[in-house]
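Chemist: This is the content of structure-v8.txt (compact mmCIF, C-alpha atoms):
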```txt
# COMPACT_ATOMS: atom_id res chain seq x y z
CA MET A 1 112.53 78.08 89.12
CA THR A 2 110.37 79.34 91.98
CA THR A 3 106.76 78.15 91.99
CA THR A 4 104.24 80.47 93.63
CA LEU A 5 100.54 80.18 94.46
CA ILE A 6 98.54 83.38 94.96
CA THR A 7 94.98 83.18 96.28
CA GLY A 8 92.60 85.79 94.93
CA GLY A 9 95.05 86.18 92.09
CA ASN A 10 92.69 87.29 89.32
CA LYS A 11 92.35 91.00 90.13
CA GLY A 12 93.60 93.90 92.20
CA LEU A 13 96.52 93.24 94.51
CA GLY A 14 96.62 89.54 93.63
CA LEU A 15 96.86 90.17 89.91
CA GLU A 16 99.57 92.80 90.35
CA THR A 17 101.51 90.48 92.64
CA ALA A 18 101.28 87.79 89.96
CA ARG A 19 102.52 90.20 87.29
CA ARG A 20 105.50 91.31 89.33
CA LEU A 21 106.52 87.83 90.45
CA ILE A 22 106.29 86.49 86.90
CA GLN A 23 108.53 89.38 85.88
CA ALA A 24 110.93 88.29 88.62
CA GLY A 25 111.04 84.76 87.17
CA HIS A 26 108.44 82.91 89.24
CA THR A 27 106.07 80.33 87.83
CA VAL A 28 102.75 81.61 89.16
CA TYR A 29 99.52 79.76 89.85
CA ALA A 30 96.72 82.26 90.44
CA GLY A 31 93.81 80.96 92.47
CA MET A 32 90.29 82.25 91.81
CA ARG A 33 86.75 81.13 92.53
CA ASP A 34 85.61 81.34 88.89
CA LEU A 35 87.99 80.36 86.11
CA ALA A 36 85.96 82.52 83.72
CA SER A 37 87.49 85.54 85.48
CA GLY A 38 91.03 84.44 84.66
CA ASP A 39 91.67 86.11 81.29
CA ALA A 40 93.95 88.77 82.77
CA VAL A 41 95.90 86.10 84.64
CA ARG A 42 96.39 84.02 81.54
CA ALA A 43 97.48 87.08 79.57
CA LEU A 44 100.32 87.51 82.05
CA GLY A 45 101.45 83.93 81.54
CA ALA A 46 100.20 82.64 84.91
CA HIS A 47 98.26 79.43 85.41
CA ALA A 48 94.63 79.99 86.43
CA VAL A 49 93.50 77.57 89.17
CA GLN A 50 90.00 77.18 90.55
CA LEU A 51 90.36 77.88 94.26
CA ASP A 52 87.68 78.99 96.69
CA VAL A 53 89.35 79.51 100.07
CA THR A 54 86.02 78.92 101.86
CA ASP A 55 85.67 75.42 100.36
CA GLN A 56 88.04 72.74 101.65
CA ALA A 57 87.42 70.45 98.66
CA SER A 58 88.30 73.29 96.28
CA VAL A 59 91.45 74.07 98.25
CA ASP A 60 92.55 70.43 98.27
CA ALA A 61 91.92 70.05 94.55
CA ALA A 62 93.88 73.20 93.74
CA LEU A 63 96.90 72.12 95.77
CA ALA A 64 96.76 68.67 94.20
CA ARG A 65 97.27 70.31 90.80
CA LEU A 66 100.58 71.88 91.74
CA PRO A 67 103.73 69.92 90.88
CA GLU A 68 105.68 71.81 93.57
CA LEU A 69 105.40 74.93 95.69
CA ASP A 70 107.97 77.36 97.07
CA VAL A 71 105.93 80.48 97.85
CA LEU A 72 102.37 80.81 99.09
CA VAL A 73 100.75 84.25 99.00
CA ASN A 74 97.50 84.25 100.97
CA ASN A 75 95.92 87.28 99.33
CA ALA A 76 92.20 86.45 99.03
CA GLY A 77 89.99 88.63 101.20
CA ILE A 78 86.62 90.32 101.49
CA ILE A 79 85.55 93.59 103.13
CA GLY A 80 82.77 91.78 104.97
CA GLY A 81 80.18 94.51 105.45
CA ALA A 82 78.64 95.80 108.70
CA ARG A 83 80.22 99.25 108.73
CA THR A 84 78.55 100.10 112.04
CA VAL A 85 77.78 98.18 115.20
CA ALA A 86 74.08 98.66 114.42
CA GLU A 87 74.59 96.49 111.30
CA LEU A 88 76.79 93.94 113.04
CA ASN A 89 75.82 90.35 113.76
CA ALA A 90 77.57 87.03 114.20
CA GLU A 91 76.75 85.89 110.67
CA VAL A 92 78.68 88.81 109.17
CA MET A 93 81.63 88.05 111.43
CA LEU A 94 81.57 84.38 110.47
CA ARG A 95 81.42 85.17 106.75
CA THR A 96 84.30 87.64 106.98
CA PHE A 97 86.50 85.36 109.06
CA ASP A 98 85.68 82.38 106.83
CA THR A 99 87.46 84.06 103.93
CA ASN A 100 90.01 86.31 105.61
CA VAL A 101 91.18 84.04 108.42
CA PHE A 102 89.91 80.46 108.09
CA GLY A 103 90.67 80.63 104.36
CA ILE A 104 94.33 81.27 105.15
CA VAL A 105 94.37 78.31 107.51
CA ARG A 106 92.70 76.01 104.96
CA VAL A 107 95.13 76.90 102.19
CA THR A 108 98.24 76.97 104.37
CA GLN A 109 97.54 73.61 105.96
CA ALA A 110 96.91 72.06 102.55
CA ALA A 111 100.09 73.65 101.18
CA LEU A 112 102.45 72.57 103.95
CA PRO A 113 103.38 69.16 102.47
CA LEU A 114 104.52 70.85 99.23
CA LEU A 115 106.22 73.73 101.03
CA ARG A 116 108.18 71.32 103.22
CA ARG A 117 109.75 69.86 100.06
CA SER A 118 110.95 73.28 98.91
CA PRO A 119 114.56 74.37 99.56
CA ASN A 120 113.27 77.88 100.36
CA PRO A 121 109.66 77.80 101.59
CA VAL A 122 107.94 81.17 102.01
CA ILE A 123 104.47 82.21 103.16
CA VAL A 124 103.15 85.77 102.84
CA ASN A 125 99.79 86.66 104.39
CA VAL A 126 98.20 89.86 103.13
CA ALA A 127 96.86 91.58 106.24
CA SER A 128 96.12 95.31 106.64
CA GLY A 129 96.94 98.31 108.77
CA VAL A 130 93.23 98.25 109.57
CA GLY A 131 94.07 95.26 111.77
CA TRP A 132 96.68 97.26 113.69
CA PRO A 133 95.20 98.87 116.84
CA ARG A 134 97.86 101.59 116.98
CA TYR A 135 96.81 102.80 113.52
CA LEU A 136 93.10 102.60 114.30
CA LEU A 137 93.66 104.90 117.29
CA ASP A 138 95.95 107.41 115.58
CA PRO A 139 94.20 110.31 113.75
CA SER A 140 97.26 110.73 111.51
CA HIS A 141 96.70 107.31 109.91
CA ASP A 142 94.35 106.42 107.06
CA GLU A 143 92.88 103.67 109.22
CA PHE A 144 91.63 105.96 112.00
CA PRO A 145 88.15 106.80 110.55
CA ILE A 146 87.25 103.13 110.07
CA THR A 147 84.69 101.83 112.56
CA ALA A 148 83.71 98.50 110.97
CA VAL A 149 84.37 95.54 113.27
CA PRO A 150 84.51 92.47 110.95
CA TYR A 151 87.27 93.45 108.50
CA ALA A 152 89.50 95.09 111.11
CA SER A 153 89.26 92.21 113.56
CA SER A 154 89.83 89.63 110.83
CA LYS A 155 93.02 91.36 109.72
CA ALA A 156 94.20 91.60 113.32
CA ALA A 157 93.74 87.84 113.48
CA VAL A 158 95.82 87.44 110.29
CA ILE A 159 98.72 89.32 111.85
CA THR A 160 98.61 87.14 114.96
CA LEU A 161 98.26 83.85 113.11
CA THR A 162 101.27 84.87 111.01
CA VAL A 163 103.39 85.26 114.14
CA GLN A 164 102.24 81.89 115.46
CA TYR A 165 102.85 80.08 112.15
CA ALA A 166 106.34 81.60 112.04
CA LYS A 167 107.08 80.29 115.54
CA ASP A 168 105.75 76.83 114.65
CA LEU A 169 107.55 76.67 111.28
CA PRO A 170 111.09 77.94 111.91
CA GLU A 171 112.30 76.30 108.69
CA MET A 172 110.05 78.64 106.67
CA ARG A 173 109.85 82.42 106.24
CA VAL A 174 106.31 83.46 107.27
CA ASN A 175 105.37 87.14 107.22
CA ALA A 176 102.37 89.48 106.93
CA THR A 177 101.97 92.60 104.85
CA ASP A 178 100.03 95.85 104.95
CA PRO A 179 99.23 96.99 101.40
CA GLY A 180 98.20 100.44 102.67
CA TYR A 181 95.31 102.49 101.32
CA THR A 182 95.45 101.13 97.79
CA ALA A 183 92.88 101.66 95.04
CA THR A 184 91.10 98.30 94.63
CA ASP A 185 87.58 96.92 94.40
CA LEU A 186 87.52 96.62 98.21
CA ASN A 187 87.43 100.41 98.60
CA ARG A 188 85.73 101.27 95.29
CA HIS A 189 89.13 102.39 93.94
CA ILE A 190 89.37 105.47 96.16
CA GLY A 191 92.68 104.53 97.81
CA HIS A 192 95.56 106.93 97.18
CA GLN A 193 98.14 104.24 96.36
CA THR A 194 98.52 102.32 93.11
CA VAL A 195 98.35 98.53 93.10
CA THR A 196 102.08 98.51 92.40
CA GLU A 197 102.73 100.50 95.57
CA GLY A 198 100.25 98.29 97.41
CA THR A 199 102.13 95.13 96.46
CA ASP A 200 105.65 96.35 97.24
CA ALA A 201 105.80 94.63 100.63
CA THR A 202 104.18 91.42 99.44
CA VAL A 203 106.51 91.09 96.46
CA ALA A 204 109.58 91.83 98.57
CA LEU A 205 108.65 89.26 101.22
CA ALA A 206 107.76 86.67 98.56
CA MET A 207 111.36 86.80 97.39
CA VAL A 208 113.22 86.44 100.69
CA ASP A 209 115.64 83.58 101.25
CA ARG A 210 116.32 81.56 104.40
CA SER A 211 118.24 84.47 105.90
CA GLY A 212 115.22 86.75 105.51
CA PRO A 213 112.79 87.93 108.18
CA THR A 214 110.06 85.76 109.64
CA GLY A 215 107.13 86.49 111.94
CA GLU A 216 107.17 90.15 110.89
CA PHE A 217 104.61 92.67 109.64
CA HIS A 218 105.75 94.91 106.78
CA ASP A 219 104.45 97.74 104.65
CA ARG A 220 106.16 99.17 101.57
CA THR A 221 108.62 101.12 103.73
CA GLY A 222 109.73 98.12 105.77
CA ARG A 223 108.99 96.48 109.09
CA ILE A 224 106.10 97.73 111.23
CA ALA A 225 107.24 97.44 114.83
CA TYR A 226 105.07 95.36 117.16
```
Output the file's structure in the form of structure tokens.
Modeler:
Amino acid sequence: MTTTLITGGNKGLGLETARRLIQAGHTVYAGMRDLASGDAVRALGAHAVQLDVTDQASVDAALARLPELDVLVNNAGIIGGARTVAELNAEVMLRTFDTNVFGIVRVTQAALPLLRRSPNPVIVNVASGVGWPRYLLDPSHDEFPITAVPYASSKAAVITLTVQYAKDLPEMRVNATDPGYTATDLNRHIGHQTVTEGTDATVALAMVDRSGPTGEFHDRTGRIAY
């Protein structure tokens, strides 16, 4: 049995990832800040776990509850605000990075002792095409109109930290995903993809074995070339 932890697992992409991995036979622990928001998770048959990625004590307590861990899906994220440079300040950047980047580091570092005991340890970091400069500069891509600095730069950091973790942890499969423009709370449900389409890459990379890719960035069609 494969045991999987998904941060931000109580709604949107996290909830759909939980549903699909349970369907694939995983035992899923869904992390969330407020356990009162876990009804949908429990209805799927997942275990709801209190986990605030911005709080080290919460992260440590959540990981201590897990009997084992094979797959970590770092999905929790916030949009961060400051859509224009006029609205931008360091506090917004810090708040956005605290969840989207430092949160991944907190959870991953706490999870490593369990992952190292797994015969097939896997880490999937949910990034975004908004963190990909080539997309931000290409008018043919959904990402092109976006001007906000915090979210885009935080997701660029996620892609880079994924590459570095993969280099440092050759015994694990560590990859990042781009869900694409998916209808979720982050975009007020105006994305043109369904949550199922938006989780295709994450689900696929959560199920790789030791021969699978590592240090790569994928969307639902496959690898995005660096």
Chemist: Restricting the calculation to all atoms listed in the file, which member of A:Pro139, A:Asn75, A:Ala127, A:Leu69 is positioned closest to Pro113 of chain A?
Modeler: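 Of A:Pro139, A:Asn75, A:Ala127, A:Leu69, the one nearest Pro113 of chain A, counting all atoms listed in the file, is A:Leu69.
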Chemist: Considering all atoms listed in the file, can you say which of A:Thr84, A:Asn120, A:Lys167, A:Thr194 comes closest to Ile146 of chain A?
Modeler: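 Among the listed residues, the smallest separation from Ile146 of chain A belongs to A:Thr84.
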Chemist: For each of A:Thr214, A:Ala225, A:Asp142, A:Arg83, take the minimum atom-to-atom distance to Gln193 of chain A, counting only C-alpha atoms, then give the residue where this is smallest.
Modeler: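 Ranking A:Thr214, A:Ala225, A:Asp142, A:Arg83 by distance to Gln193 of chain A, first place goes to A:Asp142.
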Chemist: Any idea what the distance is between atom CA of Thr27 of chain A and atom CA of Ala201 of chain A?
Modeler: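 Spanning atom CA of Thr27 of chain A to atom CA of Ala201 of chain A is a straight-line distance of 19.2 Å.
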Chemist: Atom CA of Ala206 of chain A and atom CA of Thr99 of chain A, how far apart in Å?
Modeler: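 Atom CA of Ala206 of chain A lies 21.2 Å from atom CA of Thr99 of chain A.
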Chemist: Ranking A:Pro150, A:Gly38, A:Pro133, A:Gly31 by minimum distance to Ala82 of chain A and counting all atoms listed in the file, which one comes first?
Modeler: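 Nearest candidate to Ala82 of chain A out of A:Pro150, A:Gly38, A:Pro133, A:Gly31: A:Pro150.
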Chemist: Place a sphere of radius 6 Å on (97.0, 82.0, 96.9) in the file coordinates and name every protein, DNA or RNA residue with an atom inside or on its surface, counting only C-alpha atoms; give the answer as JSON, numbers by chain.
Modeler: {"A": [5, 6, 7, 31, 72, 73, 74, 75]}
Chemist: Name the closest residue to Thr4 of chain A among the candidates A:Lys155, A:Ala40, A:Met172, A:Val203; distances are taken between atoms, counting all atoms listed in the file.
Modeler: A:Val203
Chemist: What separation in Å, quoted to one decimal, exists between atom CA of Ala30 of chain A and atom CA of Leu15 of chain A?
Modeler: 7.9 Å
Chemist: Select, from A:Ala46, A:Ala64, A:Leu115, A:Val126, the residue with the minimum atom-to-atom distance to Gly77 of chain A, counting only C-alpha atoms.
Modeler: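 Looking only at the distances to Gly77 of chain A, the closest residue turns out to be A:Val126.
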Chemist: May I have the residues within 10 Å of Ser118 of chain A as a PDB file with C-alpha atoms, in the frame of the given file, using only C-alpha atoms and disregarding those fewer than 4 positions away in the same chain?
Modeler:
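Contents of the output file out-v6.pdb:
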```
ATOM      1  CA  THR A   2     110.370  79.340  91.980  1.00  0.00           C
ATOM      2  CA  THR A   3     106.760  78.150  91.990  1.00  0.00           C
ATOM      3  CA  GLU A  68     105.680  71.810  93.570  1.00  0.00           C
ATOM      4  CA  LEU A  69     105.400  74.930  95.690  1.00  0.00           C
ATOM      5  CA  ASP A  70     107.970  77.360  97.070  1.00  0.00           C
ATOM      6  CA  VAL A  71     105.930  80.480  97.850  1.00  0.00           C
ATOM      7  CA  LEU A 112     102.450  72.570 103.950  1.00  0.00           C
ATOM      8  CA  PRO A 113     103.380  69.160 102.470  1.00  0.00           C
ATOM      9  CA  LEU A 114     104.520  70.850  99.230  1.00  0.00           C
ATOM     10  CA  VAL A 122     107.940  81.170 102.010  1.00  0.00           C
ATOM     11  CA  MET A 172     110.050  78.640 106.670  1.00  0.00           C
TER      12      MET A 172
END
```
Chemist: Write out as a list in words each polymer residue whose atoms come within 9 Å of Gln56 of chain A, counting all atoms listed in the file; drop sequence neighbours fewer than 6 positions from it.
Modeler: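 Counting only the stated atoms, we get Gly103, Arg106, Val107 and Ala110 of chain A.
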Chemist: Tell me, as a PyMOL selection string, which residues lie within 9 Å of Leu51 of chain A, counting all atoms listed in the file; anything in the same chain fewer than 2 positions away does not count.
Modeler: chain A and resi 7-8+30-35+49+53-55+58-63
